[in-house]
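Visitor: Just passing along the structure, written as structure tokens.
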Amino acid sequence: MHQPYCSVDSANGIILSLSSHYNFKLFSKDAVEDSFFDDVDAVCYPGGLGDADSFYSLTSKNSEAVKNFVAQGGAYLGICMGAYWAGKEYFDILKDIDAVQYITRPGTDTRRPHPKGVPVTWLGQKENMYFYDGCALVGNNMNVVATYSNGDAMAIIQDKIGLIGCHPESEKWWYDLHTWMPRHWHEGRHHKLLLDFVQKII
């Protein structure tokens, strides 16, 4: 991992949410061995501060391996930055879908990227979910799991690719950092949503 571009905090939250059912192996910007993904069910990219420059510097040695893994039926989980990176400017593994900044979308309920709890609807249930400049998923041919308040897709599945714009892996201490956030703490409920989501793509 390369903090803050691939956030250790996000990665730790994902591991916490999923470790009751899954094992993890980590890789970095260094090239993996040819057999690295042979016993892997899914590749996961967490949240972070990754832009175009950091994407190429962090993934250039493994991007083809990741794309081949997905093309051969491996699952991909992307949260926030990891969801952006599935898009056409990065890994380009989606069909007729792109990940775009939610704060720039028509009818968005926020124009500022800072941490906040945003209202979403996840499988028909209303939630306030941790948001930090996350993406909306725009396009066709996707199973929409969750939407933002303007109707844009926030969490989607396409084949074995699962993307989430917000942070269901968020931990309590994330909320305690900001005076306006503790009331949005999900008491671990969003970790269960993430686990259920991953079980749909693996």
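Going by the structure tokens order, chains are called A, B, ..., each with residues numbered from 1, while ligands are numbered from 1 in the order shown.
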Pick out the residues sitting within 9 Å of stretch 69-71 of chain A, and hand them over as an MDAnalysis selection string; count only C-alpha atoms, and ignore anything fewer than 2 positions along from it in its own chain.

Guide: chainID A and resid 37:38 42:43 64:67 73:76 93 160:161

Visitor: So that I can check the surroundings of A:Leu137, please list as number ranges by chain every protein, DNA and RNA residue that reaches within 10 Å of it, counting only C-alpha atoms and ignoring chain neighbours fewer than 3 positions away.

Guide: A: 83-84, 87, 97-102, 134, 140, 142, 144, 147, 152-156, 163-165

Visitor: Can you work out which one of A:Asn128, A:Asn68, A:Asn150, A:Gln199 has the shortest atom-to-atom distance to A:Met181, counting only C-alpha atoms?

Guide: A:Asn128

Visitor: Run DSSP on the backbone and tell me which residues of chain A come out as strand (DSSP E or B); list them as a ChimeraX atom specification.

Guide: /A:42-45,75-79,97-101,116-122,125-131,135-139,143-148,153-158,161-164

Visitor: Can you list, as a list in words, every protein, DNA or RNA residue that comes within 12 Å of A:Lys25 when you count only C-alpha atoms, leaving out same-chain residues fewer than 3 positions away?

Guide: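 Everything that qualifies: Met1, Ala11, Ile15, Ser19, Tyr22, Ser28, Val32, Phe36, Phe37, Asp38, Asp39, Val40, Asp41, Ala42, Val43 and Cys44 of chain A.
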
Visitor: For N, CA and C atoms, I'd like the residues from the last selection saved as a PDB file, in the first residue's frame.

Guide:
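Once written, part_14.pdb looks like this:
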```
ATOM      1  N   MET A   1       0.845  -1.187   0.000  1.00  0.00           N
ATOM      2  CA  MET A   1       0.000   0.000   0.000  1.00  0.00           C
ATOM      3  C   MET A   1       0.888   1.248   0.000  1.00  0.00           C
ATOM      4  N   ALA A  11      -7.959   0.479   3.368  1.00  0.00           N
ATOM      5  CA  ALA A  11      -7.603  -0.937   3.250  1.00  0.00           C
ATOM      6  C   ALA A  11      -7.853  -1.675   4.565  1.00  0.00           C
ATOM      7  N   ILE A  15     -10.423  -4.839   5.225  1.00  0.00           N
ATOM      8  CA  ILE A  15      -9.998  -6.095   5.842  1.00  0.00           C
ATOM      9  C   ILE A  15     -10.841  -6.395   7.080  1.00  0.00           C
ATOM     10  N   SER A  19     -12.774  -9.866   6.818  1.00  0.00           N
ATOM     11  CA  SER A  19     -11.849 -10.920   7.254  1.00  0.00           C
ATOM     12  C   SER A  19     -12.544 -12.098   7.921  1.00  0.00           C
ATOM     13  N   TYR A  22     -12.945 -13.939   4.406  1.00  0.00           N
ATOM     14  CA  TYR A  22     -11.930 -13.959   3.353  1.00  0.00           C
ATOM     15  C   TYR A  22     -10.532 -13.731   3.926  1.00  0.00           C
ATOM     16  N   SER A  28       1.919  -4.236  -3.948  1.00  0.00           N
ATOM     17  CA  SER A  28       2.237  -2.815  -4.014  1.00  0.00           C
ATOM     18  C   SER A  28       2.471  -2.419  -5.465  1.00  0.00           C
ATOM     19  N   VAL A  32       4.224  -8.014  -9.484  1.00  0.00           N
ATOM     20  CA  VAL A  32       3.939  -9.278  -8.822  1.00  0.00           C
ATOM     21  C   VAL A  32       4.480 -10.442  -9.660  1.00  0.00           C
ATOM     22  N   PHE A  36       0.916 -14.800  -8.912  1.00  0.00           N
ATOM     23  CA  PHE A  36       0.391 -14.112  -7.731  1.00  0.00           C
ATOM     24  C   PHE A  36      -1.121 -14.239  -7.619  1.00  0.00           C
ATOM     25  N   PHE A  37      -1.836 -14.097  -8.727  1.00  0.00           N
ATOM     26  CA  PHE A  37      -3.298 -14.094  -8.682  1.00  0.00           C
ATOM     27  C   PHE A  37      -3.915 -15.481  -8.835  1.00  0.00           C
ATOM     28  N   ASP A  38      -3.105 -16.517  -8.888  1.00  0.00           N
ATOM     29  CA  ASP A  38      -3.640 -17.860  -9.139  1.00  0.00           C
ATOM     30  C   ASP A  38      -4.595 -18.324  -8.058  1.00  0.00           C
ATOM     31  N   ASP A  39      -4.379 -17.924  -6.808  1.00  0.00           N
ATOM     32  CA  ASP A  39      -5.253 -18.345  -5.715  1.00  0.00           C
ATOM     33  C   ASP A  39      -6.086 -17.191  -5.165  1.00  0.00           C
ATOM     34  N   VAL A  40      -6.343 -16.195  -6.013  1.00  0.00           N
ATOM     35  CA  VAL A  40      -7.059 -14.992  -5.603  1.00  0.00           C
ATOM     36  C   VAL A  40      -8.455 -14.989  -6.213  1.00  0.00           C
ATOM     37  N   ASP A  41      -9.465 -14.649  -5.405  1.00  0.00           N
ATOM     38  CA  ASP A  41     -10.838 -14.538  -5.901  1.00  0.00           C
ATOM     39  C   ASP A  41     -11.144 -13.141  -6.436  1.00  0.00           C
ATOM     40  N   ALA A  42     -10.555 -12.121  -5.810  1.00  0.00           N
ATOM     41  CA  ALA A  42     -10.875 -10.741  -6.189  1.00  0.00           C
ATOM     42  C   ALA A  42      -9.674  -9.844  -5.952  1.00  0.00           C
ATOM     43  N   VAL A  43      -9.536  -8.851  -6.810  1.00  0.00           N
ATOM     44  CA  VAL A  43      -8.589  -7.763  -6.602  1.00  0.00           C
ATOM     45  C   VAL A  43      -9.368  -6.598  -6.017  1.00  0.00           C
ATOM     46  N   CYS A  44      -8.813  -5.965  -5.012  1.00  0.00           N
ATOM     47  CA  CYS A  44      -9.491  -4.834  -4.379  1.00  0.00           C
ATOM     48  C   CYS A  44      -8.579  -3.618  -4.380  1.00  0.00           C
TER      49      CYS A  44
END
```

Visitor: With DSSP run on the backbone, what are the helix (DSSP H, G or I) residues within stretch 90-188 of chain A? I'd like them as a ChimeraX atom specification.

Guide: /A:102-104,172-176,182-184

Visitor: Got time to write the residues from that selection, N, CA and C atoms, as a short mmCIF file (atom, residue, chain, number, x, y, z; two decimals), in the first residue's frame?

Guide:
```
data_model
loop_
_atom_site.label_atom_id
_atom_site.label_comp_id
_atom_site.auth_asym_id
_atom_site.auth_seq_id
_atom_site.Cartn_x
_atom_site.Cartn_y
_atom_site.Cartn_z
N TYR A 102 -19.18 12.71 -8.11
CA TYR A 102 -20.57 12.97 -7.72
C TYR A 102 -20.82 14.45 -7.48
N ILE A 103 -19.83 15.17 -6.94
CA ILE A 103 -20.06 16.58 -6.62
C ILE A 103 -20.28 17.44 -7.86
N THR A 104 -20.00 16.92 -9.04
CA THR A 104 -20.21 17.68 -10.28
C THR A 104 -21.51 17.29 -10.99
N LYS A 172 -15.18 3.64 13.24
CA LYS A 172 -15.71 4.66 14.14
C LYS A 172 -14.77 5.84 14.30
N TRP A 173 -13.46 5.58 14.36
CA TRP A 173 -12.53 6.68 14.60
C TRP A 173 -12.52 7.68 13.44
N TRP A 174 -12.91 7.24 12.22
CA TRP A 174 -13.02 8.19 11.12
C TRP A 174 -14.03 9.28 11.48
N TYR A 175 -15.13 8.87 12.08
CA TYR A 175 -16.22 9.79 12.41
C TYR A 175 -15.84 10.70 13.58
N ASP A 176 -15.03 10.17 14.48
CA ASP A 176 -14.64 10.95 15.65
C ASP A 176 -13.67 12.08 15.32
N PRO A 182 -19.85 12.22 14.09
CA PRO A 182 -20.23 11.09 14.96
C PRO A 182 -21.68 10.66 14.84
N ARG A 183 -22.60 11.57 14.56
CA ARG A 183 -24.01 11.19 14.46
C ARG A 183 -24.28 10.28 13.27
N HIS A 184 -23.33 10.21 12.33
CA HIS A 184 -23.50 9.34 11.16
C HIS A 184 -22.89 7.95 11.34
#
```

Visitor: With a distance cut-off of 9 Å and only C-alpha atoms, select the neighbouring residues of A:Cys80, excluding the residue or stretch itself and same-chain residues fewer than 6 positions from it, and output the selection as a PyMOL selection string.

Guide: chain A and resi 45-48+131-135+163-167

Visitor: Counting only C-alpha atoms, which residue out of A:Ser7, A:Thr59, A:Ser54, A:Ser149 sits closest to A:Lys29?

Guide: A:Thr59

Visitor: Could you tell me how far atom CA of A:Gly162 lies from atom CA of A:Leu123, in Å and to one decimal?

Guide: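 Separating atom CA of A:Gly162 from atom CA of A:Leu123 is a distance of 14.5 Å.
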
Visitor: Do you have the atom CA of A:Glu127-atom CA of A:Pro106 distance handy?

Guide: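 If I compute the distance from atom CA of A:Glu127 to atom CA of A:Pro106, I get 20.9 Å.
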